[in-house]
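Chemist: I am sharing structure_17.txt, which consists of compact mmCIF, N, CA, C and O atoms and all ligand atoms:
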# COMPACT_ATOMS: atom_id res chain seq x y z
N MET A 1 1.21 -5.97 -24.47
CA MET A 1 0.92 -4.83 -23.60
C MET A 1 1.34 -3.51 -24.24
O MET A 1 0.81 -2.47 -23.91
N HIS A 2 2.31 -3.57 -25.15
CA HIS A 2 2.79 -2.33 -25.72
C HIS A 2 2.11 -2.00 -27.05
O HIS A 2 2.36 -0.97 -27.64
N GLU A 3 1.27 -2.90 -27.55
CA GLU A 3 0.58 -2.65 -28.81
C GLU A 3 -0.81 -2.12 -28.50
O GLU A 3 -1.74 -2.86 -28.29
N CYS A 4 -0.92 -0.82 -28.46
CA CYS A 4 -2.22 -0.28 -28.08
C CYS A 4 -3.03 0.16 -29.28
O CYS A 4 -4.24 0.32 -29.20
N GLY A 5 -2.36 0.37 -30.43
CA GLY A 5 -3.10 0.74 -31.61
C GLY A 5 -3.88 2.02 -31.49
O GLY A 5 -4.93 2.19 -32.10
N CYS A 6 -3.36 2.95 -30.74
CA CYS A 6 -4.15 4.13 -30.43
C CYS A 6 -4.08 5.19 -31.52
O CYS A 6 -4.81 6.17 -31.49
N GLY A 7 -3.15 5.01 -32.47
CA GLY A 7 -3.06 5.99 -33.53
C GLY A 7 -2.47 7.31 -33.11
O GLY A 7 -2.65 8.31 -33.77
N GLY A 8 -1.80 7.33 -32.01
CA GLY A 8 -1.07 8.53 -31.61
C GLY A 8 -1.84 9.47 -30.71
O GLY A 8 -1.47 10.62 -30.57
N SER A 9 -2.90 8.99 -30.09
CA SER A 9 -3.67 9.88 -29.23
C SER A 9 -2.96 10.14 -27.91
O SER A 9 -3.33 11.03 -27.17
N HIS A 10 -1.97 9.35 -27.60
CA HIS A 10 -1.15 9.66 -26.42
C HIS A 10 0.30 9.32 -26.71
O HIS A 10 0.60 8.53 -27.58
N ALA A 11 1.17 9.91 -25.96
CA ALA A 11 2.60 9.82 -26.25
C ALA A 11 3.19 8.51 -25.74
O ALA A 11 2.90 8.06 -24.65
N HIS A 12 4.03 7.92 -26.58
CA HIS A 12 4.71 6.69 -26.17
C HIS A 12 6.20 6.94 -25.94
O HIS A 12 6.85 6.15 -25.27
N ALA A 13 6.73 7.98 -26.53
CA ALA A 13 8.17 8.15 -26.53
C ALA A 13 8.63 9.20 -25.52
O ALA A 13 7.91 10.13 -25.19
N GLY A 14 9.83 8.99 -25.03
CA GLY A 14 10.48 10.02 -24.25
C GLY A 14 10.09 10.09 -22.79
O GLY A 14 10.43 11.04 -22.11
N GLY A 15 9.41 9.09 -22.29
CA GLY A 15 9.06 9.09 -20.89
C GLY A 15 7.97 10.09 -20.58
O GLY A 15 7.28 10.58 -21.46
N GLY A 16 7.82 10.41 -19.32
CA GLY A 16 6.76 11.30 -18.90
C GLY A 16 6.07 10.72 -17.68
O GLY A 16 6.45 9.66 -17.21
N PRO A 17 5.05 11.44 -17.21
CA PRO A 17 4.40 11.02 -15.97
C PRO A 17 3.66 9.70 -16.07
O PRO A 17 3.29 9.13 -15.05
N PHE A 18 3.49 9.20 -17.30
CA PHE A 18 2.79 7.92 -17.44
C PHE A 18 3.70 6.82 -17.95
O PHE A 18 3.25 5.77 -18.39
N ALA A 19 5.02 7.08 -17.90
CA ALA A 19 5.97 6.02 -18.21
C ALA A 19 5.93 4.98 -17.10
O ALA A 19 5.26 5.16 -16.07
N GLU A 20 6.66 3.90 -17.31
CA GLU A 20 6.66 2.85 -16.30
C GLU A 20 8.08 2.42 -15.96
O GLU A 20 9.02 2.65 -16.72
N GLY A 21 8.20 1.81 -14.80
CA GLY A 21 9.48 1.26 -14.40
C GLY A 21 10.56 2.33 -14.25
O GLY A 21 10.31 3.45 -13.82
N ARG A 22 11.76 1.94 -14.64
CA ARG A 22 12.91 2.83 -14.47
C ARG A 22 12.72 4.16 -15.21
O ARG A 22 13.15 5.21 -14.76
N GLU A 23 12.03 4.11 -16.35
CA GLU A 23 11.81 5.32 -17.14
C GLU A 23 11.03 6.36 -16.33
O GLU A 23 11.32 7.55 -16.35
N LEU A 24 10.03 5.87 -15.61
CA LEU A 24 9.23 6.78 -14.78
C LEU A 24 10.05 7.32 -13.61
O LEU A 24 10.00 8.50 -13.29
N VAL A 25 10.83 6.44 -13.00
CA VAL A 25 11.65 6.87 -11.86
C VAL A 25 12.63 7.95 -12.30
O VAL A 25 12.81 8.96 -11.62
N GLU A 26 13.23 7.75 -13.46
CA GLU A 26 14.18 8.76 -13.96
C GLU A 26 13.46 10.06 -14.31
O GLU A 26 13.97 11.15 -14.06
N PHE A 27 12.28 9.95 -14.88
CA PHE A 27 11.51 11.15 -15.22
C PHE A 27 11.20 11.97 -13.96
O PHE A 27 11.43 13.17 -13.91
N VAL A 28 10.67 11.29 -12.94
CA VAL A 28 10.28 12.00 -11.72
C VAL A 28 11.51 12.57 -11.00
O VAL A 28 11.48 13.68 -10.48
N SER A 29 12.61 11.83 -11.02
CA SER A 29 13.79 12.31 -10.30
C SER A 29 14.41 13.53 -10.97
O SER A 29 15.09 14.32 -10.33
N ARG A 30 14.14 13.70 -12.26
CA ARG A 30 14.68 14.86 -12.98
C ARG A 30 13.69 16.02 -13.06
O ARG A 30 14.06 17.14 -13.41
N ALA A 31 12.42 15.76 -12.80
CA ALA A 31 11.38 16.75 -13.00
C ALA A 31 11.61 17.98 -12.12
O ALA A 31 12.09 17.87 -10.99
N HIS A 32 11.26 19.12 -12.65
CA HIS A 32 11.41 20.39 -11.93
C HIS A 32 12.84 20.58 -11.45
O HIS A 32 13.08 21.02 -10.33
N GLY A 33 13.79 20.20 -12.27
CA GLY A 33 15.19 20.38 -11.93
C GLY A 33 15.63 19.56 -10.73
O GLY A 33 16.61 19.89 -10.08
N GLY A 34 14.90 18.50 -10.45
CA GLY A 34 15.25 17.65 -9.31
C GLY A 34 14.52 18.01 -8.04
O GLY A 34 14.70 17.37 -7.01
N ALA A 35 13.66 19.03 -8.12
CA ALA A 35 12.94 19.48 -6.91
C ALA A 35 11.78 18.56 -6.56
O ALA A 35 11.39 18.47 -5.40
N LEU A 36 11.24 17.90 -7.56
CA LEU A 36 10.05 17.08 -7.31
C LEU A 36 10.35 15.84 -6.47
O LEU A 36 9.54 15.43 -5.64
N ARG A 37 11.52 15.29 -6.66
CA ARG A 37 11.81 13.99 -6.02
C ARG A 37 11.76 14.04 -4.51
O ARG A 37 11.48 13.03 -3.86
N ASP A 38 12.04 15.21 -3.92
CA ASP A 38 12.03 15.32 -2.47
C ASP A 38 10.74 15.94 -1.93
O ASP A 38 10.63 16.20 -0.74
N ARG A 39 9.80 16.20 -2.83
CA ARG A 39 8.55 16.81 -2.41
C ARG A 39 7.65 15.73 -1.77
O ARG A 39 7.59 14.60 -2.25
N GLU A 40 6.95 16.11 -0.71
CA GLU A 40 6.12 15.13 -0.02
C GLU A 40 4.83 14.86 -0.78
O GLU A 40 4.20 15.76 -1.33
N ILE A 41 4.45 13.60 -0.80
CA ILE A 41 3.20 13.20 -1.44
C ILE A 41 2.04 13.66 -0.56
O ILE A 41 2.05 13.43 0.66
N PRO A 42 1.05 14.33 -1.14
CA PRO A 42 -0.10 14.80 -0.36
C PRO A 42 -0.81 13.64 0.33
O PRO A 42 -0.91 12.53 -0.22
N GLY A 43 -1.27 13.87 1.55
CA GLY A 43 -2.01 12.85 2.26
C GLY A 43 -1.16 11.92 3.10
O GLY A 43 -1.64 10.92 3.62
N GLY A 44 0.13 12.24 3.21
CA GLY A 44 0.98 11.46 4.11
C GLY A 44 1.72 10.31 3.46
O GLY A 44 2.38 9.54 4.14
N GLY A 45 1.61 10.18 2.16
CA GLY A 45 2.38 9.14 1.48
C GLY A 45 1.54 7.93 1.14
O GLY A 45 0.36 7.85 1.45
N LEU A 46 2.19 6.99 0.48
CA LEU A 46 1.52 5.78 0.02
C LEU A 46 2.17 4.56 0.64
O LEU A 46 3.37 4.33 0.48
N ALA A 47 1.38 3.77 1.35
CA ALA A 47 1.90 2.53 1.92
C ALA A 47 2.00 1.50 0.80
O ALA A 47 1.06 1.30 0.03
N THR A 48 3.13 0.84 0.74
CA THR A 48 3.34 -0.13 -0.33
C THR A 48 4.31 -1.21 0.15
O THR A 48 4.78 -1.18 1.28
N ASN A 49 4.56 -2.14 -0.74
CA ASN A 49 5.60 -3.12 -0.48
C ASN A 49 6.68 -2.95 -1.53
O ASN A 49 6.39 -2.71 -2.70
N CYS A 50 7.91 -3.07 -1.10
CA CYS A 50 9.03 -2.95 -2.01
C CYS A 50 8.89 -3.94 -3.16
O CYS A 50 8.61 -5.12 -2.95
N ARG A 51 9.06 -3.41 -4.38
CA ARG A 51 8.96 -4.29 -5.55
C ARG A 51 10.19 -5.18 -5.69
O ARG A 51 10.19 -6.14 -6.45
N GLY A 52 11.23 -4.84 -4.94
CA GLY A 52 12.46 -5.61 -5.02
C GLY A 52 12.50 -6.73 -3.99
O GLY A 52 12.62 -7.90 -4.33
N CYS A 53 12.37 -6.36 -2.71
CA CYS A 53 12.53 -7.35 -1.64
C CYS A 53 11.24 -7.67 -0.92
O CYS A 53 11.20 -8.59 -0.11
N GLY A 54 10.18 -6.91 -1.19
CA GLY A 54 8.90 -7.21 -0.59
C GLY A 54 8.65 -6.57 0.77
O GLY A 54 7.58 -6.74 1.34
N ALA A 55 9.62 -5.84 1.28
CA ALA A 55 9.45 -5.22 2.59
C ALA A 55 8.41 -4.11 2.52
O ALA A 55 8.38 -3.35 1.57
N PRO A 56 7.54 -4.02 3.54
CA PRO A 56 6.56 -2.93 3.56
C PRO A 56 7.22 -1.62 3.93
O PRO A 56 8.08 -1.57 4.80
N PHE A 57 6.85 -0.56 3.23
CA PHE A 57 7.33 0.77 3.58
C PHE A 57 6.34 1.78 3.04
O PHE A 57 5.45 1.45 2.28
N THR A 58 6.51 3.02 3.49
CA THR A 58 5.65 4.10 3.02
C THR A 58 6.46 5.06 2.17
O THR A 58 7.48 5.57 2.60
N LEU A 59 5.99 5.24 0.94
CA LEU A 59 6.62 6.21 0.05
C LEU A 59 6.08 7.59 0.43
O LEU A 59 4.91 7.87 0.24
N THR A 60 6.94 8.42 1.02
CA THR A 60 6.48 9.72 1.51
C THR A 60 6.85 10.87 0.57
O THR A 60 6.30 11.95 0.68
N THR A 61 7.80 10.62 -0.31
CA THR A 61 8.16 11.62 -1.30
C THR A 61 8.01 11.00 -2.68
O THR A 61 7.95 9.77 -2.81
N PHE A 62 7.99 11.83 -3.73
CA PHE A 62 7.69 11.31 -5.06
C PHE A 62 8.75 10.32 -5.56
O PHE A 62 8.45 9.45 -6.38
N VAL A 63 9.96 10.46 -5.04
CA VAL A 63 10.97 9.43 -5.25
C VAL A 63 11.45 8.99 -3.88
O VAL A 63 11.78 9.83 -3.04
N GLY A 64 11.46 7.69 -3.62
CA GLY A 64 11.87 7.20 -2.32
C GLY A 64 12.55 5.85 -2.44
O GLY A 64 12.46 5.19 -3.48
N THR A 65 13.23 5.47 -1.39
CA THR A 65 13.94 4.20 -1.40
C THR A 65 13.42 3.28 -0.31
O THR A 65 13.01 3.73 0.76
N CYS A 66 13.46 2.01 -0.60
CA CYS A 66 13.10 0.99 0.38
C CYS A 66 14.11 1.01 1.52
O CYS A 66 15.32 0.97 1.26
N PRO A 67 13.64 1.06 2.78
CA PRO A 67 14.59 1.11 3.90
C PRO A 67 15.34 -0.21 4.08
O PRO A 67 16.38 -0.24 4.73
N ALA A 68 14.83 -1.27 3.51
CA ALA A 68 15.46 -2.58 3.70
C ALA A 68 16.55 -2.84 2.67
O ALA A 68 17.64 -3.29 3.00
N CYS A 69 16.26 -2.55 1.39
CA CYS A 69 17.22 -2.92 0.35
C CYS A 69 17.71 -1.72 -0.46
O CYS A 69 18.61 -1.85 -1.28
N GLY A 70 17.10 -0.54 -0.26
CA GLY A 70 17.53 0.64 -0.99
C GLY A 70 16.96 0.74 -2.39
O GLY A 70 17.35 1.61 -3.15
N GLY A 71 16.06 -0.14 -2.74
CA GLY A 71 15.45 -0.10 -4.06
C GLY A 71 14.72 1.22 -4.28
O GLY A 71 14.01 1.70 -3.40
N VAL A 72 14.92 1.80 -5.45
CA VAL A 72 14.36 3.13 -5.73
C VAL A 72 12.96 3.00 -6.34
O VAL A 72 12.77 2.28 -7.33
N HIS A 73 12.02 3.70 -5.75
CA HIS A 73 10.64 3.71 -6.21
C HIS A 73 10.22 5.15 -6.46
O HIS A 73 10.73 6.07 -5.83
N ALA A 74 9.25 5.33 -7.34
CA ALA A 74 8.74 6.68 -7.61
C ALA A 74 7.30 6.59 -8.09
O ALA A 74 6.85 5.58 -8.62
N VAL A 75 6.60 7.71 -7.90
CA VAL A 75 5.25 7.84 -8.44
C VAL A 75 5.15 9.27 -8.98
O VAL A 75 5.78 10.18 -8.46
N SER A 76 4.39 9.45 -10.05
CA SER A 76 4.28 10.79 -10.63
C SER A 76 3.06 11.49 -10.05
O SER A 76 2.09 10.84 -9.67
N PRO A 77 3.11 12.81 -9.96
CA PRO A 77 2.01 13.57 -9.33
C PRO A 77 0.61 13.24 -9.86
O PRO A 77 -0.32 13.12 -9.06
N PRO A 78 0.43 13.06 -11.18
CA PRO A 78 -0.94 12.77 -11.64
C PRO A 78 -1.46 11.41 -11.19
O PRO A 78 -2.65 11.14 -11.28
N ARG A 79 -0.56 10.56 -10.70
CA ARG A 79 -0.95 9.20 -10.35
C ARG A 79 -0.71 8.88 -8.88
O ARG A 79 -0.76 7.72 -8.49
N CYS A 80 -0.45 9.89 -8.05
CA CYS A 80 -0.01 9.63 -6.69
C CYS A 80 -1.15 9.33 -5.73
O CYS A 80 -0.95 9.28 -4.53
N ASP A 81 -2.35 9.11 -6.25
CA ASP A 81 -3.47 8.78 -5.37
C ASP A 81 -3.63 7.27 -5.20
O ASP A 81 -4.52 6.81 -4.51
N ASP A 82 -2.76 6.50 -5.82
CA ASP A 82 -2.91 5.04 -5.75
C ASP A 82 -1.53 4.37 -5.70
O ASP A 82 -0.70 4.58 -6.59
N ALA A 83 -1.32 3.60 -4.65
CA ALA A 83 -0.02 2.94 -4.49
C ALA A 83 0.27 1.96 -5.63
O ALA A 83 1.43 1.62 -5.87
N ALA A 84 -0.77 1.54 -6.33
CA ALA A 84 -0.56 0.61 -7.45
C ALA A 84 0.21 1.27 -8.59
O ALA A 84 0.76 0.59 -9.46
N ASN A 85 0.26 2.61 -8.57
CA ASN A 85 0.96 3.34 -9.63
C ASN A 85 2.44 3.58 -9.33
O ASN A 85 3.15 4.15 -10.15
N ILE A 86 2.88 3.11 -8.17
CA ILE A 86 4.30 3.26 -7.84
C ILE A 86 5.13 2.39 -8.77
O ILE A 86 4.78 1.24 -9.03
N GLN A 87 6.19 2.97 -9.28
CA GLN A 87 7.07 2.25 -10.20
C GLN A 87 8.41 1.97 -9.52
O GLN A 87 8.91 2.77 -8.72
N PHE A 88 8.99 0.83 -9.86
CA PHE A 88 10.25 0.39 -9.27
C PHE A 88 11.33 0.47 -10.33
O PHE A 88 11.14 0.02 -11.46
N ALA A 89 12.46 1.06 -9.96
CA ALA A 89 13.52 1.27 -10.94
C ALA A 89 14.29 0.00 -11.26
O ALA A 89 15.03 -0.05 -12.24
N GLY A 90 14.16 -1.00 -10.45
CA GLY A 90 14.88 -2.25 -10.69
C GLY A 90 16.08 -2.38 -9.77
O GLY A 90 16.61 -1.40 -9.26
N GLU A 91 16.48 -3.61 -9.56
CA GLU A 91 17.60 -3.85 -8.66
C GLU A 91 18.88 -3.26 -9.24
O GLU A 91 19.12 -3.31 -10.44
N GLY A 92 19.67 -2.67 -8.36
CA GLY A 92 20.94 -2.13 -8.79
C GLY A 92 20.89 -0.68 -9.24
O GLY A 92 21.92 -0.07 -9.48
N PHE A 93 19.67 -0.11 -9.34
CA PHE A 93 19.54 1.28 -9.75
C PHE A 93 19.80 2.20 -8.56
O PHE A 93 19.29 1.96 -7.47
N THR A 94 20.59 3.23 -8.78
CA THR A 94 20.77 4.24 -7.74
C THR A 94 20.54 5.61 -8.36
O THR A 94 20.80 5.82 -9.54
N LEU A 95 20.06 6.53 -7.57
CA LEU A 95 19.79 7.87 -8.07
C LEU A 95 21.09 8.60 -8.36
O LEU A 95 22.06 8.45 -7.63
N PRO A 96 21.11 9.38 -9.42
CA PRO A 96 22.32 10.13 -9.76
C PRO A 96 22.61 11.22 -8.73
O PRO A 96 21.72 11.64 -8.02
ZN ZN A 101 13.37 -3.50 -0.65
Using structure tokens, write down the structure that the file contains.
Ligand SMILES: [Zn+2]
Modeler:
Amino acid sequence: MHECGCGGSHAHAGGGPFAEGRELVEFVSRAHGGALRDREIPGGGLATNCRGCGAPFTLTTFVGTCPACGGVHAVSPPRCDDAANIQFAGEGFTLP
């Protein structure tokens, strides 16, 4: 999955809005000096299931937590039109 052979047409290093997993969560939580994480997702949020415990919840801000287990999830603005793009930081991760 990580061997794309693209020859450098897109960035692989240093995270960014197209990173995945914890890297993406950390990127979004730090973006705009931390202002982005509490910003509301346009359209009322994304309905999803927690990647940790499976509980259904709605991600209403770009960084949000599962109400059942506290698992941290995030989506980046360029990808916030699809709940499939929500990334999970992993069990045990807490926001700084
Ligand atoms: Zn959960």
Chemist: For the structure I just gave you, how does DSSP split chain A - specifically, which residues are strand (DSSP E or B)? Reply as JSON, numbers by chain.
Modeler: {"A": [40, 46, 47, 48, 49, 56, 57, 58, 59, 61, 63, 64, 65, 72, 73, 74, 87, 88]}
Chemist: List every residue of chain A that has an atom at most 8 Å from any atom of ligand ZN 101 (chain A), and for each one report the closest atom pair and its distance in Å to one decimal, counting all atoms listed in the file, with rows sorted by chain and then by increasing residue number, as a Markdown table.
Modeler:
| residue | atom | partner | partner_atom | distance |
| --- | --- | --- | --- | --- |
| A:Asn49 | C | A:ZN101 | ZN | 6.8 |
| A:Cys50 | CA | A:ZN101 | ZN | 4.6 |
| A:Arg51 | N | A:ZN101 | ZN | 5.7 |
| A:Gly52 | C | A:ZN101 | ZN | 4.7 |
| A:Cys53 | N | A:ZN101 | ZN | 3.7 |
| A:Gly54 | N | A:ZN101 | ZN | 4.7 |
| A:Ala55 | N | A:ZN101 | ZN | 4.8 |
| A:Pro56 | N | A:ZN101 | ZN | 7.2 |
| A:Thr65 | C | A:ZN101 | ZN | 6.8 |
| A:Cys66 | CA | A:ZN101 | ZN | 4.6 |
| A:Pro67 | N | A:ZN101 | ZN | 5.7 |
| A:Ala68 | C | A:ZN101 | ZN | 4.6 |
| A:Cys69 | N | A:ZN101 | ZN | 3.7 |
| A:Gly70 | N | A:ZN101 | ZN | 4.8 |
| A:Gly71 | N | A:ZN101 | ZN | 4.8 |
| A:Val72 | N | A:ZN101 | ZN | 7.3 |
Chemist: Would you mind exporting N, CA, C and O atoms of the selected residues as a PDB file, in the frame of the given file?
Modeler:
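Saved as part_30.pdb:
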ATOM      1  N   ASN A  49       4.560  -2.140  -0.740  1.00  0.00           N
ATOM      2  CA  ASN A  49       5.600  -3.120  -0.480  1.00  0.00           C
ATOM      3  C   ASN A  49       6.680  -2.950  -1.530  1.00  0.00           C
ATOM      4  O   ASN A  49       6.390  -2.710  -2.700  1.00  0.00           O
ATOM      5  N   CYS A  50       7.910  -3.070  -1.100  1.00  0.00           N
ATOM      6  CA  CYS A  50       9.030  -2.950  -2.010  1.00  0.00           C
ATOM      7  C   CYS A  50       8.890  -3.940  -3.160  1.00  0.00           C
ATOM      8  O   CYS A  50       8.610  -5.120  -2.950  1.00  0.00           O
ATOM      9  N   ARG A  51       9.060  -3.410  -4.380  1.00  0.00           N
ATOM     10  CA  ARG A  51       8.960  -4.290  -5.550  1.00  0.00           C
ATOM     11  C   ARG A  51      10.190  -5.180  -5.690  1.00  0.00           C
ATOM     12  O   ARG A  51      10.190  -6.140  -6.450  1.00  0.00           O
ATOM     13  N   GLY A  52      11.230  -4.840  -4.940  1.00  0.00           N
ATOM     14  CA  GLY A  52      12.460  -5.610  -5.020  1.00  0.00           C
ATOM     15  C   GLY A  52      12.500  -6.730  -3.990  1.00  0.00           C
ATOM     16  O   GLY A  52      12.620  -7.900  -4.330  1.00  0.00           O
ATOM     17  N   CYS A  53      12.370  -6.360  -2.710  1.00  0.00           N
ATOM     18  CA  CYS A  53      12.530  -7.350  -1.640  1.00  0.00           C
ATOM     19  C   CYS A  53      11.240  -7.670  -0.920  1.00  0.00           C
ATOM     20  O   CYS A  53      11.200  -8.590  -0.110  1.00  0.00           O
ATOM     21  N   GLY A  54      10.180  -6.910  -1.190  1.00  0.00           N
ATOM     22  CA  GLY A  54       8.900  -7.210  -0.590  1.00  0.00           C
ATOM     23  C   GLY A  54       8.650  -6.570   0.770  1.00  0.00           C
ATOM     24  O   GLY A  54       7.580  -6.740   1.340  1.00  0.00           O
ATOM     25  N   ALA A  55       9.620  -5.840   1.280  1.00  0.00           N
ATOM     26  CA  ALA A  55       9.450  -5.220   2.590  1.00  0.00           C
ATOM     27  C   ALA A  55       8.410  -4.110   2.520  1.00  0.00           C
ATOM     28  O   ALA A  55       8.380  -3.350   1.570  1.00  0.00           O
ATOM     29  N   PRO A  56       7.540  -4.020   3.540  1.00  0.00           N
ATOM     30  CA  PRO A  56       6.560  -2.930   3.560  1.00  0.00           C
ATOM     31  C   PRO A  56       7.220  -1.620   3.930  1.00  0.00           C
ATOM     32  O   PRO A  56       8.080  -1.570   4.800  1.00  0.00           O
ATOM     33  N   THR A  65      13.230   5.470  -1.390  1.00  0.00           N
ATOM     34  CA  THR A  65      13.940   4.200  -1.400  1.00  0.00           C
ATOM     35  C   THR A  65      13.420   3.280  -0.310  1.00  0.00           C
ATOM     36  O   THR A  65      13.010   3.730   0.760  1.00  0.00           O
ATOM     37  N   CYS A  66      13.460   2.010  -0.600  1.00  0.00           N
ATOM     38  CA  CYS A  66      13.100   0.990   0.380  1.00  0.00           C
ATOM     39  C   CYS A  66      14.110   1.010   1.520  1.00  0.00           C
ATOM     40  O   CYS A  66      15.320   0.970   1.260  1.00  0.00           O
ATOM     41  N   PRO A  67      13.640   1.060   2.780  1.00  0.00           N
ATOM     42  CA  PRO A  67      14.590   1.110   3.900  1.00  0.00           C
ATOM     43  C   PRO A  67      15.340  -0.210   4.080  1.00  0.00           C
ATOM     44  O   PRO A  67      16.380  -0.240   4.730  1.00  0.00           O
ATOM     45  N   ALA A  68      14.830  -1.270   3.510  1.00  0.00           N
ATOM     46  CA  ALA A  68      15.460  -2.580   3.700  1.00  0.00           C
ATOM     47  C   ALA A  68      16.550  -2.840   2.670  1.00  0.00           C
ATOM     48  O   ALA A  68      17.640  -3.290   3.000  1.00  0.00           O
ATOM     49  N   CYS A  69      16.260  -2.550   1.390  1.00  0.00           N
ATOM     50  CA  CYS A  69      17.220  -2.920   0.350  1.00  0.00           C
ATOM     51  C   CYS A  69      17.710  -1.720  -0.460  1.00  0.00           C
ATOM     52  O   CYS A  69      18.610  -1.850  -1.280  1.00  0.00           O
ATOM     53  N   GLY A  70      17.100  -0.540  -0.260  1.00  0.00           N
ATOM     54  CA  GLY A  70      17.530   0.640  -0.990  1.00  0.00           C
ATOM     55  C   GLY A  70      16.960   0.740  -2.390  1.00  0.00           C
ATOM     56  O   GLY A  70      17.350   1.610  -3.150  1.00  0.00           O
ATOM     57  N   GLY A  71      16.060  -0.140  -2.740  1.00  0.00           N
ATOM     58  CA  GLY A  71      15.450  -0.100  -4.060  1.00  0.00           C
ATOM     59  C   GLY A  71      14.720   1.220  -4.280  1.00  0.00           C
ATOM     60  O   GLY A  71      14.010   1.700  -3.400  1.00  0.00           O
ATOM     61  N   VAL A  72      14.920   1.800  -5.450  1.00  0.00           N
ATOM     62  CA  VAL A  72      14.360   3.130  -5.730  1.00  0.00           C
ATOM     63  C   VAL A  72      12.960   3.000  -6.340  1.00  0.00           C
ATOM     64  O   VAL A  72      12.770   2.280  -7.330  1.00  0.00           O
TER      65      VAL A  72
END
Chemist: For the atom pair atom C of Leu46 in chain A and CA of Leu59 in chain A, what is the interatomic distance in Å to one decimal place?
Modeler: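 Computed distance, atom C of Leu46 in chain A to CA of Leu59 in chain A, equals 4.8 Å.
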Chemist: Name all residues at most 8 Å from Pro42 in chain A (count all atoms listed in the file; drop same-chain ones fewer than 2 positions away) and give them as JSON, numbers by chain.
Modeler: {"A": [39, 40, 44, 45, 46, 59, 60, 61, 62, 80, 81]}
Chemist: What would the file look like if the residues just selected were written as a PDB file, keeping the file's coordinate frame with N, CA, C and O atoms?
Modeler:
ATOM      1  N   ARG A  39       9.800  16.200  -2.830  1.00  0.00           N
ATOM      2  CA  ARG A  39       8.550  16.810  -2.410  1.00  0.00           C
ATOM      3  C   ARG A  39       7.650  15.730  -1.770  1.00  0.00           C
ATOM      4  O   ARG A  39       7.590  14.600  -2.250  1.00  0.00           O
ATOM      5  N   GLU A  40       6.950  16.110  -0.710  1.00  0.00           N
ATOM      6  CA  GLU A  40       6.120  15.130  -0.020  1.00  0.00           C
ATOM      7  C   GLU A  40       4.830  14.860  -0.780  1.00  0.00           C
ATOM      8  O   GLU A  40       4.200  15.760  -1.330  1.00  0.00           O
ATOM      9  N   GLY A  44       0.130  12.240   3.210  1.00  0.00           N
ATOM     10  CA  GLY A  44       0.980  11.460   4.110  1.00  0.00           C
ATOM     11  C   GLY A  44       1.720  10.310   3.460  1.00  0.00           C
ATOM     12  O   GLY A  44       2.380   9.540   4.140  1.00  0.00           O
ATOM     13  N   GLY A  45       1.610  10.180   2.160  1.00  0.00           N
ATOM     14  CA  GLY A  45       2.380   9.140   1.480  1.00  0.00           C
ATOM     15  C   GLY A  45       1.540   7.930   1.140  1.00  0.00           C
ATOM     16  O   GLY A  45       0.360   7.850   1.450  1.00  0.00           O
ATOM     17  N   LEU A  46       2.190   6.990   0.480  1.00  0.00           N
ATOM     18  CA  LEU A  46       1.520   5.780   0.020  1.00  0.00           C
ATOM     19  C   LEU A  46       2.170   4.560   0.640  1.00  0.00           C
ATOM     20  O   LEU A  46       3.370   4.330   0.480  1.00  0.00           O
ATOM     21  N   LEU A  59       5.990   5.240   0.940  1.00  0.00           N
ATOM     22  CA  LEU A  59       6.620   6.210   0.050  1.00  0.00           C
ATOM     23  C   LEU A  59       6.080   7.590   0.430  1.00  0.00           C
ATOM     24  O   LEU A  59       4.910   7.870   0.240  1.00  0.00           O
ATOM     25  N   THR A  60       6.940   8.420   1.020  1.00  0.00           N
ATOM     26  CA  THR A  60       6.480   9.720   1.510  1.00  0.00           C
ATOM     27  C   THR A  60       6.850  10.870   0.570  1.00  0.00           C
ATOM     28  O   THR A  60       6.300  11.950   0.680  1.00  0.00           O
ATOM     29  N   THR A  61       7.800  10.620  -0.310  1.00  0.00           N
ATOM     30  CA  THR A  61       8.160  11.620  -1.300  1.00  0.00           C
ATOM     31  C   THR A  61       8.010  11.000  -2.680  1.00  0.00           C
ATOM     32  O   THR A  61       7.950   9.770  -2.810  1.00  0.00           O
ATOM     33  N   PHE A  62       7.990  11.830  -3.730  1.00  0.00           N
ATOM     34  CA  PHE A  62       7.690  11.310  -5.060  1.00  0.00           C
ATOM     35  C   PHE A  62       8.750  10.320  -5.560  1.00  0.00           C
ATOM     36  O   PHE A  62       8.450   9.450  -6.380  1.00  0.00           O
ATOM     37  N   CYS A  80      -0.450   9.890  -8.050  1.00  0.00           N
ATOM     38  CA  CYS A  80      -0.010   9.630  -6.690  1.00  0.00           C
ATOM     39  C   CYS A  80      -1.150   9.330  -5.730  1.00  0.00           C
ATOM     40  O   CYS A  80      -0.950   9.280  -4.530  1.00  0.00           O
ATOM     41  N   ASP A  81      -2.350   9.110  -6.250  1.00  0.00           N
ATOM     42  CA  ASP A  81      -3.470   8.780  -5.370  1.00  0.00           C
ATOM     43  C   ASP A  81      -3.630   7.270  -5.200  1.00  0.00           C
ATOM     44  O   ASP A  81      -4.520   6.810  -4.510  1.00  0.00           O
TER      45      ASP A  81
END
Chemist: Quick one, how far is CA of Thr48 in chain A from CA of Gly33 in chain A?
Modeler: 26.4 Å
Chemist: Give me the residues within 5 Å of Val75 in chain A as a CSV table (one decimal) with N, CA, C and O atoms, keeping the file's coordinate frame, counting all atoms listed in the file and dropping any in the same chain fewer than 5 places off.
Modeler:
chain,number,residue,atom,x,y,z
A,62,PHE,N,8.0,11.8,-3.7
A,62,PHE,CA,7.7,11.3,-5.1
A,62,PHE,C,8.8,10.3,-5.6
A,62,PHE,O,8.4,9.4,-6.4
A,85,ASN,N,0.3,2.6,-8.6
A,85,ASN,CA,1.0,3.3,-9.6
A,85,ASN,C,2.4,3.6,-9.3
A,85,ASN,O,3.2,4.2,-10.2
A,86,ILE,N,2.9,3.1,-8.2
A,86,ILE,CA,4.3,3.3,-7.8
A,86,ILE,C,5.1,2.4,-8.8
A,86,ILE,O,4.8,1.2,-9.0
A,87,GLN,N,6.2,3.0,-9.3
A,87,GLN,CA,7.1,2.2,-10.2
A,87,GLN,C,8.4,2.0,-9.5
A,87,GLN,O,8.9,2.8,-8.7
